Structure formats: C-alpha cells, structure tokens
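Student: Sharing start_39.cif here; it has mmCIF, C-alpha atoms.
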```cif
data_start
loop_
_atom_site.group_PDB
_atom_site.id
_atom_site.type_symbol
_atom_site.label_atom_id
_atom_site.label_comp_id
_atom_site.auth_asym_id
_atom_site.auth_seq_id
_atom_site.Cartn_x
_atom_site.Cartn_y
_atom_site.Cartn_z
ATOM 1 C CA MET A 1 -51.904 -32.375 101.998
ATOM 2 C CA VAL A 2 -49.508 -33.506 99.239
ATOM 3 C CA ARG A 3 -51.119 -31.071 96.788
ATOM 4 C CA GLN A 4 -50.719 -28.172 99.227
ATOM 5 C CA PHE A 5 -47.080 -29.057 99.769
ATOM 6 C CA PHE A 6 -46.550 -29.164 95.984
ATOM 7 C CA PHE A 7 -48.044 -25.689 95.553
ATOM 8 C CA PHE A 8 -45.850 -24.432 98.396
ATOM 9 C CA LEU A 9 -42.738 -25.701 96.592
ATOM 10 C CA VAL A 10 -43.841 -24.034 93.336
ATOM 11 C CA LEU A 11 -44.438 -20.734 95.163
ATOM 12 C CA LEU A 12 -41.063 -20.964 96.885
ATOM 13 C CA PHE A 13 -39.352 -21.605 93.542
ATOM 14 C CA GLN A 14 -41.057 -18.552 92.003
ATOM 15 C CA ILE A 15 -39.977 -16.356 94.900
ATOM 16 C CA GLN A 16 -36.385 -17.571 94.572
ATOM 17 C CA LEU A 17 -36.432 -16.976 90.818
ATOM 18 C CA SER A 18 -37.785 -13.472 91.315
ATOM 19 C CA ALA A 19 -35.025 -12.756 93.821
ATOM 20 C CA GLN A 20 -32.433 -14.012 91.333
ATOM 21 C CA GLU A 21 -33.826 -11.730 88.637
ATOM 22 C CA ARG A 22 -33.383 -8.784 91.005
ATOM 23 C CA ASP A 23 -29.926 -9.892 92.117
ATOM 24 C CA ASN A 24 -27.970 -6.659 92.137
ATOM 25 C CA SER A 25 -24.714 -8.554 92.687
ATOM 26 C CA ALA A 26 -24.783 -9.126 88.922
ATOM 27 C CA PRO A 27 -22.477 -6.808 86.933
ATOM 28 C CA LEU A 28 -24.011 -3.369 86.415
ATOM 29 C CA PRO A 29 -23.300 -1.075 83.456
ATOM 30 C CA ILE A 30 -19.874 0.567 83.518
ATOM 31 C CA PHE A 31 -19.521 4.271 82.764
ATOM 32 C CA PRO A 32 -16.126 5.781 81.915
ATOM 33 C CA PRO A 33 -15.753 9.415 83.029
ATOM 34 C CA PHE A 34 -18.416 11.759 81.681
ATOM 35 C CA GLU A 35 -16.949 14.536 79.542
ATOM 36 C CA GLY A 36 -18.709 17.560 78.154
ATOM 37 C CA THR A 37 -19.182 21.300 77.940
ATOM 38 C CA VAL A 38 -20.623 23.800 80.416
ATOM 39 C CA TYR A 39 -22.776 26.604 79.008
ATOM 40 C CA GLU A 40 -24.080 29.860 80.421
ATOM 41 C CA MET A 41 -27.879 29.849 80.544
ATOM 42 C CA PRO A 42 -29.370 33.098 79.218
ATOM 43 C CA VAL A 43 -31.651 35.317 81.259
ATOM 44 C CA ILE A 44 -35.227 35.364 79.957
ATOM 45 C CA THR A 45 -37.639 38.227 80.667
ATOM 46 C CA GLN A 46 -41.385 37.594 80.348
ATOM 47 C CA ASN A 47 -43.993 40.329 80.499
ATOM 48 C CA TYR A 48 -47.297 39.808 82.305
ATOM 49 C CA GLY A 49 -49.097 43.137 81.849
ATOM 50 C CA ASN A 50 -47.238 45.595 84.031
ATOM 51 C CA LEU A 51 -45.273 42.810 85.713
ATOM 52 C CA LYS A 52 -42.019 41.333 84.520
ATOM 53 C CA LYS A 53 -40.697 37.887 85.405
ATOM 54 C CA VAL A 54 -36.969 37.353 85.080
ATOM 55 C CA GLY A 55 -35.550 33.837 85.021
ATOM 56 C CA ILE A 56 -33.620 31.378 82.863
ATOM 57 C CA GLN A 57 -34.695 28.660 80.476
ATOM 58 C CA GLU A 58 -35.768 25.628 82.507
ATOM 59 C CA PHE A 59 -36.040 22.927 79.847
ATOM 60 C CA TYR A 60 -33.634 21.264 77.434
ATOM 61 C CA THR A 61 -33.623 22.359 73.812
ATOM 62 C CA ASP A 62 -30.767 22.014 71.330
ATOM 63 C CA THR A 63 -30.362 25.804 71.437
ATOM 64 C CA VAL A 64 -28.081 25.147 74.418
ATOM 65 C CA TYR A 65 -25.268 24.590 71.893
ATOM 66 C CA THR A 66 -25.513 28.249 70.890
ATOM 67 C CA TYR A 67 -25.116 29.609 74.445
ATOM 68 C CA PRO A 68 -21.816 31.111 75.658
ATOM 69 C CA VAL A 69 -19.354 28.409 76.660
ATOM 70 C CA ILE A 70 -18.050 28.530 80.218
ATOM 71 C CA GLY A 71 -15.600 25.660 79.778
ATOM 72 C CA ASP A 72 -15.050 21.917 79.513
ATOM 73 C CA ILE A 73 -15.856 19.482 82.311
ATOM 74 C CA THR A 74 -14.992 15.902 83.285
ATOM 75 C CA LEU A 75 -16.808 13.967 86.014
ATOM 76 C CA LYS A 76 -15.640 10.502 87.050
ATOM 77 C CA LYS A 77 -19.136 9.663 88.279
ATOM 78 C CA LEU A 78 -22.500 11.371 88.448
ATOM 79 C CA ASN A 79 -22.790 11.198 92.213
ATOM 80 C CA ILE A 80 -23.000 14.844 93.306
ATOM 81 C CA PRO A 81 -25.361 14.872 96.322
ATOM 82 C CA GLU A 82 -27.763 17.678 97.176
ATOM 83 C CA THR A 83 -25.580 20.565 98.363
ATOM 84 C CA TYR A 84 -26.340 24.122 99.437
ATOM 85 C CA VAL A 85 -24.392 26.651 97.374
ATOM 86 C CA SER A 86 -23.274 28.264 100.629
ATOM 87 C CA LYS A 87 -21.318 25.068 101.376
ATOM 88 C CA GLY A 88 -19.750 24.369 98.004
ATOM 89 C CA SER A 89 -19.833 24.587 94.226
ATOM 90 C CA PHE A 90 -20.666 22.064 91.537
ATOM 91 C CA PRO A 91 -17.411 20.171 90.758
ATOM 92 C CA GLY A 92 -15.601 21.737 87.828
ATOM 93 C CA VAL A 93 -17.887 24.794 87.564
ATOM 94 C CA ASP A 94 -16.719 28.163 88.857
ATOM 95 C CA ARG A 95 -20.159 29.638 89.487
ATOM 96 C CA LYS A 96 -23.203 28.993 91.661
ATOM 97 C CA THR A 97 -26.099 29.345 89.232
ATOM 98 C CA LYS A 98 -27.219 29.981 85.638
ATOM 99 C CA PHE A 99 -25.228 27.189 84.001
ATOM 100 C CA ALA A 100 -25.991 24.016 82.074
ATOM 101 C CA MET A 101 -23.977 21.107 80.752
ATOM 102 C CA ILE A 102 -24.101 18.359 78.148
ATOM 103 C CA LEU A 103 -22.163 15.269 79.270
ATOM 104 C CA HIS A 104 -21.134 12.233 77.220
ATOM 105 C CA SER A 105 -19.889 8.762 78.147
ATOM 106 C CA LYS A 106 -19.677 5.306 76.563
ATOM 107 C CA MET A 107 -21.681 2.882 78.726
ATOM 108 C CA LYS A 108 -20.668 -0.792 78.735
ATOM 109 C CA VAL A 109 -23.442 -3.322 79.466
ATOM 110 C CA GLN A 110 -22.106 -6.687 80.610
ATOM 111 C CA LEU A 111 -25.338 -8.672 80.995
ATOM 112 C CA ASP A 112 -28.605 -8.972 79.058
ATOM 113 C CA ALA A 113 -31.259 -7.697 81.479
ATOM 114 C CA CYS A 114 -33.994 -5.202 82.269
ATOM 115 C CA TYR A 115 -32.343 -2.178 83.884
ATOM 116 C CA GLU A 116 -33.788 0.662 85.928
ATOM 117 C CA PHE A 117 -32.141 4.054 85.522
ATOM 118 C CA ALA A 118 -32.760 6.642 88.251
ATOM 119 C CA LEU A 119 -31.817 10.259 87.592
ATOM 120 C CA THR A 120 -31.886 12.576 90.623
ATOM 121 C CA SER A 121 -31.189 16.276 90.271
ATOM 122 C CA ASP A 122 -31.698 19.851 91.396
ATOM 123 C CA ASP A 123 -32.620 21.362 88.893
ATOM 124 C CA GLY A 124 -33.480 19.602 85.636
ATOM 125 C CA SER A 125 -31.786 16.628 83.981
ATOM 126 C CA ARG A 126 -32.307 14.112 81.192
ATOM 127 C CA LEU A 127 -30.654 10.845 80.116
ATOM 128 C CA TRP A 128 -30.317 9.505 76.575
ATOM 129 C CA LEU A 129 -28.883 6.148 75.449
ATOM 130 C CA ASN A 130 -27.984 5.870 71.767
ATOM 131 C CA GLU A 131 -29.856 9.170 71.263
ATOM 132 C CA ILE A 132 -33.062 7.636 72.700
ATOM 133 C CA GLN A 133 -34.387 9.464 75.753
ATOM 134 C CA VAL A 134 -34.643 7.073 78.701
ATOM 135 C CA VAL A 135 -35.316 9.407 81.679
ATOM 136 C CA ASN A 136 -36.812 12.917 81.647
ATOM 137 C CA ASN A 137 -36.327 14.778 84.930
ATOM 138 C CA ASP A 138 -36.293 18.232 83.353
ATOM 139 C CA GLY A 139 -37.621 21.549 84.617
ATOM 140 C CA GLY A 140 -36.874 23.808 87.550
ATOM 141 C CA HIS A 141 -37.289 21.865 90.806
ATOM 142 C CA GLY A 142 -35.622 20.782 94.028
ATOM 143 C CA MET A 143 -33.796 17.462 94.413
ATOM 144 C CA LYS A 144 -36.146 15.029 92.692
ATOM 145 C CA THR A 145 -35.839 11.515 91.245
ATOM 146 C CA LYS A 146 -37.287 10.176 88.004
ATOM 147 C CA LYS A 147 -36.941 6.507 87.020
ATOM 148 C CA ASP A 148 -37.602 4.340 84.011
ATOM 149 C CA THR A 149 -36.728 0.865 82.816
ATOM 150 C CA VAL A 150 -35.219 -0.321 79.564
ATOM 151 C CA ALA A 151 -34.104 -3.715 78.278
ATOM 152 C CA LEU A 152 -30.435 -3.751 77.296
ATOM 153 C CA ARG A 153 -28.225 -6.432 75.843
ATOM 154 C CA GLU A 154 -24.486 -6.801 76.193
ATOM 155 C CA GLY A 155 -22.633 -4.109 74.288
ATOM 156 C CA LEU A 156 -21.618 -0.447 74.177
ATOM 157 C CA TYR A 157 -24.077 2.444 74.306
ATOM 158 C CA ASP A 158 -23.614 6.173 73.833
ATOM 159 C CA ALA A 159 -24.804 7.895 77.020
ATOM 160 C CA LYS A 160 -25.695 11.592 77.078
ATOM 161 C CA VAL A 161 -26.829 13.574 80.128
ATOM 162 C CA TRP A 162 -28.265 17.086 80.287
ATOM 163 C CA TYR A 163 -28.177 19.024 83.560
ATOM 164 C CA PHE A 164 -28.830 22.638 84.474
ATOM 165 C CA GLN A 165 -28.585 24.675 87.655
ATOM 166 C CA SER A 166 -30.924 27.638 87.913
ATOM 167 C CA PHE A 167 -31.947 28.552 91.429
ATOM 168 C CA PRO A 168 -29.263 29.804 93.821
ATOM 169 C CA ASP A 169 -29.921 27.732 96.946
ATOM 170 C CA ARG A 170 -28.657 24.225 96.087
ATOM 171 C CA PHE A 171 -27.532 21.789 93.384
ATOM 172 C CA GLY A 172 -27.147 18.029 92.848
ATOM 173 C CA LEU A 173 -26.898 15.349 90.149
ATOM 174 C CA GLU A 174 -26.929 11.564 90.660
ATOM 175 C CA LEU A 175 -27.309 8.668 88.224
ATOM 176 C CA ASP A 176 -28.027 5.163 89.538
ATOM 177 C CA THR A 177 -28.703 1.854 87.783
ATOM 178 C CA LYS A 178 -29.899 -1.529 88.928
ATOM 179 C CA ILE A 179 -31.131 -4.793 87.435
ATOM 180 C CA VAL A 180 -34.845 -5.354 87.958
ATOM 181 C CA GLY A 181 -35.418 -8.485 85.879
ATOM 182 C CA LYS A 182 -34.655 -10.416 82.751
ATOM 183 C CA VAL A 183 -34.858 -8.835 79.310
ATOM 184 C CA GLU A 184 -38.326 -10.333 78.836
ATOM 185 C CA SER A 185 -39.726 -8.442 81.828
ATOM 186 C CA CYS A 186 -39.434 -5.110 79.986
ATOM 187 C CA SER A 187 -38.825 -6.236 76.413
ATOM 188 C CA ASP A 188 -41.417 -3.738 75.181
ATOM 189 C CA LYS A 189 -38.765 -1.108 75.929
ATOM 190 C CA GLU A 190 -35.766 -2.948 74.510
ATOM 191 C CA LEU A 191 -32.966 -0.738 73.256
ATOM 192 C CA GLY A 192 -30.472 -2.657 71.180
ATOM 193 C CA SER A 193 -26.776 -1.897 71.483
ATOM 194 C CA LYS A 194 -26.741 -1.559 67.726
ATOM 195 C CA GLN A 195 -27.398 2.060 66.928
ATOM 196 C CA PRO A 196 -29.863 2.958 64.171
ATOM 197 C CA PHE A 197 -26.862 4.567 62.504
ATOM 198 C CA LYS A 198 -23.095 4.307 62.296
ATOM 199 C CA LYS A 199 -21.316 7.606 62.920
ATOM 200 C CA ILE A 200 -17.994 8.531 61.309
ATOM 201 C CA VAL A 201 -16.246 11.826 62.047
ATOM 202 C CA PHE A 202 -13.983 13.586 59.533
ATOM 203 C CA GLU A 203 -11.658 15.842 61.497
ATOM 204 C CA ASN A 204 -10.292 19.150 60.251
ATOM 205 C CA VAL A 205 -6.984 17.500 59.317
ATOM 206 C CA TYR A 206 -8.565 16.353 56.054
ATOM 207 C CA PHE A 207 -9.212 19.935 54.906
ATOM 208 C CA ASP A 208 -6.958 22.975 54.678
ATOM 209 C CA ILE A 209 -8.008 25.876 56.924
ATOM 210 C CA ASP A 210 -10.903 27.809 55.393
ATOM 211 C CA LYS A 211 -10.994 25.352 52.455
ATOM 212 C CA TYR A 212 -13.457 22.632 51.504
ATOM 213 C CA THR A 213 -11.311 20.635 49.052
ATOM 214 C CA LEU A 214 -10.310 17.247 50.458
ATOM 215 C CA LYS A 215 -6.610 16.682 51.052
ATOM 216 C CA GLU A 216 -4.951 13.388 50.087
ATOM 217 C CA GLU A 217 -5.451 12.075 53.632
ATOM 218 C CA GLY A 218 -9.148 12.822 53.327
ATOM 219 C CA ILE A 219 -9.463 10.915 50.060
ATOM 220 C CA SER A 220 -7.830 7.889 51.711
ATOM 221 C CA GLU A 221 -10.423 8.078 54.494
ATOM 222 C CA ILE A 222 -13.224 8.286 51.927
ATOM 223 C CA GLU A 223 -12.027 4.967 50.486
ATOM 224 C CA LYS A 224 -12.284 3.412 53.954
ATOM 225 C CA VAL A 225 -15.820 4.764 54.382
ATOM 226 C CA VAL A 226 -16.839 3.334 51.018
ATOM 227 C CA LYS A 227 -15.610 -0.091 52.154
ATOM 228 C CA ILE A 228 -17.706 0.178 55.337
ATOM 229 C CA ILE A 229 -20.796 1.167 53.331
ATOM 230 C CA ASN A 230 -20.354 -1.694 50.866
ATOM 231 C CA GLU A 231 -20.200 -4.162 53.765
ATOM 232 C CA SER A 232 -23.328 -2.754 55.454
ATOM 233 C CA ILE A 233 -27.017 -2.243 54.764
ATOM 234 C CA VAL A 234 -27.268 1.509 54.220
ATOM 235 C CA LYS A 235 -30.373 3.280 52.962
ATOM 236 C CA THR A 236 -29.480 6.875 53.772
ATOM 237 C CA ILE A 237 -26.231 8.759 54.290
ATOM 238 C CA LYS A 238 -26.534 11.982 56.264
ATOM 239 C CA ILE A 239 -23.533 14.291 56.144
ATOM 240 C CA VAL A 240 -23.329 17.200 58.584
ATOM 241 C CA GLY A 241 -20.590 19.827 58.491
ATOM 242 C CA HIS A 242 -19.440 21.859 61.521
ATOM 243 C CA THR A 243 -16.958 24.672 62.196
ATOM 244 C CA ASP A 244 -15.450 26.500 65.140
ATOM 245 C CA ASN A 245 -16.584 30.016 66.037
ATOM 246 C CA GLN A 246 -13.865 31.873 64.134
ATOM 247 C CA GLY A 247 -15.508 34.038 61.474
ATOM 248 C CA THR A 248 -19.118 35.077 60.983
ATOM 249 C CA GLU A 249 -22.070 32.730 61.422
ATOM 250 C CA ASP A 250 -23.094 33.037 57.761
ATOM 251 C CA TYR A 251 -19.571 32.314 56.519
ATOM 252 C CA ASN A 252 -19.182 29.304 58.807
ATOM 253 C CA LYS A 253 -22.530 27.855 57.809
ATOM 254 C CA LEU A 254 -21.604 28.088 54.127
ATOM 255 C CA LEU A 255 -18.132 26.599 54.752
ATOM 256 C CA SER A 256 -19.613 23.667 56.689
ATOM 257 C CA LEU A 257 -22.189 23.047 53.956
ATOM 258 C CA ASN A 258 -19.513 23.115 51.244
ATOM 259 C CA ARG A 259 -17.406 20.595 53.164
ATOM 260 C CA SER A 260 -20.427 18.297 53.544
ATOM 261 C CA ASP A 261 -21.107 18.602 49.818
ATOM 262 C CA THR A 262 -17.474 17.736 49.006
ATOM 263 C CA VAL A 263 -17.609 14.589 51.138
ATOM 264 C CA ALA A 264 -20.974 13.593 49.618
ATOM 265 C CA SER A 265 -19.692 14.034 46.064
ATOM 266 C CA SER A 266 -16.579 11.961 46.810
ATOM 267 C CA LEU A 267 -18.720 9.154 48.218
ATOM 268 C CA GLN A 268 -21.216 9.228 45.343
ATOM 269 C CA GLU A 269 -18.402 8.897 42.796
ATOM 270 C CA ARG A 270 -17.130 5.716 44.442
ATOM 271 C CA LEU A 271 -20.284 3.911 45.609
ATOM 272 C CA THR A 272 -21.723 1.137 43.454
ATOM 273 C CA ASN A 273 -25.178 1.432 45.059
ATOM 274 C CA LYS A 274 -26.653 4.510 43.396
ATOM 275 C CA GLU A 275 -29.984 4.178 45.232
ATOM 276 C CA ILE A 276 -28.623 5.412 48.568
ATOM 277 C CA GLU A 277 -30.242 8.693 49.553
ATOM 278 C CA PHE A 278 -27.985 11.574 50.620
ATOM 279 C CA VAL A 279 -28.908 14.295 53.107
ATOM 280 C CA ILE A 280 -26.409 17.160 53.210
ATOM 281 C CA LEU A 281 -26.425 19.717 56.033
ATOM 282 C CA GLY A 282 -24.213 22.528 57.296
ATOM 283 C CA ARG A 283 -24.522 23.490 60.973
ATOM 284 C CA GLY A 284 -21.710 26.038 61.015
ATOM 285 C CA GLN A 285 -20.605 26.898 64.554
ATOM 286 C CA SER A 286 -23.930 26.110 66.250
ATOM 287 C CA GLU A 287 -23.100 22.619 67.620
ATOM 288 C CA PRO A 288 -19.615 22.533 69.171
ATOM 289 C CA VAL A 289 -18.384 19.355 70.843
ATOM 290 C CA ALA A 290 -15.633 21.171 72.740
ATOM 291 C CA SER A 291 -14.809 24.652 73.984
ATOM 292 C CA ASN A 292 -13.879 27.216 71.338
ATOM 293 C CA ASN A 293 -11.676 28.962 73.914
ATOM 294 C CA SER A 294 -8.679 26.746 73.088
ATOM 295 C CA LYS A 295 -6.853 25.696 69.927
ATOM 296 C CA GLU A 296 -7.499 22.021 70.679
ATOM 297 C CA GLY A 297 -11.214 22.633 71.230
ATOM 298 C CA ARG A 298 -11.595 24.586 67.997
ATOM 299 C CA SER A 299 -9.839 21.784 66.120
ATOM 300 C CA LYS A 300 -12.379 19.247 67.428
ATOM 301 C CA ASN A 301 -15.272 21.486 66.396
ATOM 302 C CA ARG A 302 -14.057 21.734 62.781
ATOM 303 C CA ARG A 303 -15.418 18.431 61.564
ATOM 304 C CA VAL A 304 -17.741 16.614 59.171
ATOM 305 C CA GLU A 305 -19.956 13.854 60.591
ATOM 306 C CA ILE A 306 -21.189 10.999 58.409
ATOM 307 C CA PHE A 307 -24.221 9.010 59.556
ATOM 308 C CA LEU A 308 -24.879 5.677 57.849
ATOM 309 C CA ILE A 309 -28.577 4.935 58.409
ATOM 310 C CA ASN A 310 -30.011 1.485 57.761
#
```
Re-express the file's structure as structure tokens.
Tutor:
Amino acid sequence: MVRQFFFFLVLLFQIQLSAQERDNSAPLPIFPPFEGTVYEMPVITQNYGNLKKVGIQEFYTDTVYTYPVIGDITLKKLNIPETYVSKGSFPGVDRKTKFAMILHSKMKVQLDACYEFALTSDDGSRLWLNEIQVVNNDGGHGMKTKKDTVALREGLYDAKVWYFQSFPDRFGLELDTKIVGKVESCSDKELGSKQPFKKIVFENVYFDIDKYTLKEEGISEIEKVVKIINESIVKTIKIVGHTDNQGTEDYNKLLSLNRSDTVASSLQERLTNKEIEFVILGRGQSEPVASNNSKEGRSKNRRVEIFLIN
C-alpha cells in the first residue's frame, strides 16, 4: 500500500511538472510591427498539348525580389483571419489577388524554452528565424495551418515571413507561438540567438551618386568594422553590393560589384589577419529592401552589406 502511494506521488509530480513546462502564462516572444514590401505576382502560362493553364507562381523563390513592387507595408501583428474578398481586402494592399509580400521583424525571446510556431494562411506562407526556415506552409491552398517546434534561448532573432495571395475567393495570415516544454524537450532543433554571421550595412551616404570611391565618412566606418573583426572570430567576409532601379540592370550590377570591391580592398588593407577569405558579389537592383517608387526607398536600396561569418 505504501509503495502504491509512493508511485502515485511520483506520477502526480510528473504531471504537475509537465503542466508547468506547458505553462503558457510564461512570457512569449515579442514581435515589433512587421515591415516589408508587397510585390505583384506574375502570370504564368503552361501548355499541356492543346490546352493552356494560366495561373501565378505558387511557391517562394528569391525571384520575388525582381517582381514589380506594389508598395511598402506595415502590420502590427500577423492576425488577419480568413476573409472572403467580397467582404474586405488584405490590410495595406489595394488589390484582391496576385500579390505577395516579404515581411521582417525583430523577435525578442524572453525565456529559454521549446517553442511551437503555427503559421496559418490562405494561400502560401513561410517563416524564417535568423535565415533558418522554421515553418513551411507554402503552395496554393485554402486556410491551412502548419506547425513546428524549435528550441530558443533568450535574445533577439531576425524574423522573416513570406505570404502570397493567389486565388480570388479569400485570404488570411496568422502567426501564433506557444511554449511546449523546456529547451531540452526539443534541443535537437535548437536555434541559437547568435546568428552564424554578423551583418553590417553600408548605406549610400558613404558613396557619391553613381560612384564607387569611398567618401571620408565611409573610411571612418571601415575603421569601425575593422575593430569589430579584430574582436571577433571571423573566417569569411562576404560583401554584397546593391543599387536602386535607376539605370540599366547591367550598369547597376557593375556599379554594385565595384562598390563591394572597394569595401573589400579597404578592409584587406587594414586587417592584420590575412587568412580571412573574401567573397565579393554585386546584386545590382535585384534585391531591394524598400520600394523604389520613393526617394527614401531608393536610398535604402543603394547599400553594401558586409557579412562576418565565423
């Protein structure tokens, strides 16, 4: 009888512990407003013998950055419920169908734990944290939920969400999180708050328009970057140049590559560690971070990004 009572107490303790691990009163991740760009999805025609199927692309690829820009968008939360287009429009988008968006936010995790992320959408959506895909709910479909778990520790994480609306009857996009256990319960999927790289952005202010020679302000920033590198473990430095959409694609690609090369040369001259590998790329106008329809947006797109990879 005593032994049975002892086992009962052990079982009760385990149940209570499990309930504590799933205690959703604990602080959940905090998302500032999501900001991003809305793109027009192109019409795709496929031939099947004498038949033609007309539709739009139904899966994420990075070619979305080359599509026509509809405008910028800001969403305080991703909590847009399933809605028929006859009863409303997606917040911040002045059209019913054939659009997609890339949204960014900086997620703050307040507690080490195993988290479940649920992404519900009509049509496709995806979620990345620190450029690692966590949930894939892509493709053309009605309101559908995909979930996955990941172990996160206290810190800041870059959150990116892809969403597209194809079919004309309804839309919706919701992101939910909850704690489902301690870090150890899903530690095989742990995603550290420390990114595999440190990202530094050189804005257009450090170059004259249509030039790739660093201004004095740019040289001062280079000195700061060198200090960061010397205080870190860096094996590779990737430098990627970008432009706005003014000018031809070929010209912009060359200009962005020349700016990347200038930054790389300035760093190489000042670094004591000569074994660091450099990767130099020019993306031209293909990857905007803001709308090219405004002066402010074009200024943000004229940039050089430096990735310090350990």
Student: When the PyMOL selection byres ((chain A and resi 275) around 12) is applied to the structure above, which residues does it catch, written out as a PyMOL selection string?
Tutor: chain A and resi 233-237+268+271-274+276-278
Student: Determine the nearest neighbour of Leu175 in chain A from the options A:Phe117, A:Phe34, A:Tyr60, A:Tyr65, counting only C-alpha atoms.
Tutor: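 Between A:Phe117, A:Phe34, A:Tyr60, A:Tyr65, the residue approaching Leu175 in chain A most closely is A:Phe117.
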Student: Quick one: of A:Phe31, A:Phe164, A:Phe90, A:Tyr67, who's nearest to His104 in chain A, counting all atoms listed in the file?
Tutor: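 Checking each of A:Phe31, A:Phe164, A:Phe90, A:Tyr67 against His104 in chain A, counting all atoms listed in the file, the winner is A:Phe31.
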Student: List the spatial neighbours of Val225 in chain A as a ChimeraX atom specification - criterion: any atom at most 10 Å away, all atoms listed in the file, same-chain residues fewer than 2 positions off excluded.
Tutor: /A:200,219-223,227-231,267,271,306,308
Student: Rank A:Ser121, A:Ser286, A:Gln165, A:Asn292 by their smallest atom-to-atom distance to Val64 in chain A, using only C-alpha atoms, and report the top residue only.
Tutor: A:Ser286
Student: For a cut-off of 7 Å around (-29.8, 23.7, 91.2), file coordinates, pick out all residues using all atoms listed in the file and list them as a list in words.
Tutor: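 The residues that fall inside the cut-off are Asp122, Asp123, Phe164, Gln165, Ser166, Phe167, Pro168, Arg170, Phe171 and Gly172 of chain A.
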Student: Neighbouring residues of range 249-256 of chain A were defined as those with any atom within 9 Å, considering only C-alpha atoms; residues of the same chain fewer than 3 positions away were excluded. Please report them as number ranges by chain.
Tutor: A: 210-212, 240-246, 259-261, 281-286, 302-304
Student: Could you pull out every residue with an atom within 7 Å of (-24.0, 4.7, 80.6), file coordinates, counting all atoms listed in the file, and send them as a PyMOL selection string?
Tutor: chain A and resi 29-31+105-108+157-159
Student: Nearest residue to Ile102 in chain A out of A:Ser187, A:Asn130, A:Thr145, A:Ser125, using only C-alpha atoms?
Tutor: A:Ser125
Student: Report, in Å to a single decimal, how far apart CA of Gly88 in chain A and CA of Val43 in chain A are.
Tutor: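 Spanning CA of Val43 in chain A to CA of Gly88 in chain A is a straight-line distance of 23.3 Å.
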Student: Could you check which of A:Asp138, A:Glu305, A:Glu269, A:Glu174 is closest to Leu78 in chain A, using only C-alpha atoms?
Tutor: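 Going through A:Asp138, A:Glu305, A:Glu269, A:Glu174 one by one, the smallest distance to Leu78 in chain A is for A:Glu174.
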Student: To one decimal place, how far is CA of Tyr84 in chain A from CA of Thr97 in chain A in Å?
Tutor: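 Those two atoms sit 11.5 Å apart.
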Student: Give me, please, the distance in Å between CA of Met101 in chain A and CA of Glu190 in chain A, quoted to one decimal.
Tutor: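 One can read the CA of Met101 in chain A to CA of Glu190 in chain A distance as 27.5 Å.
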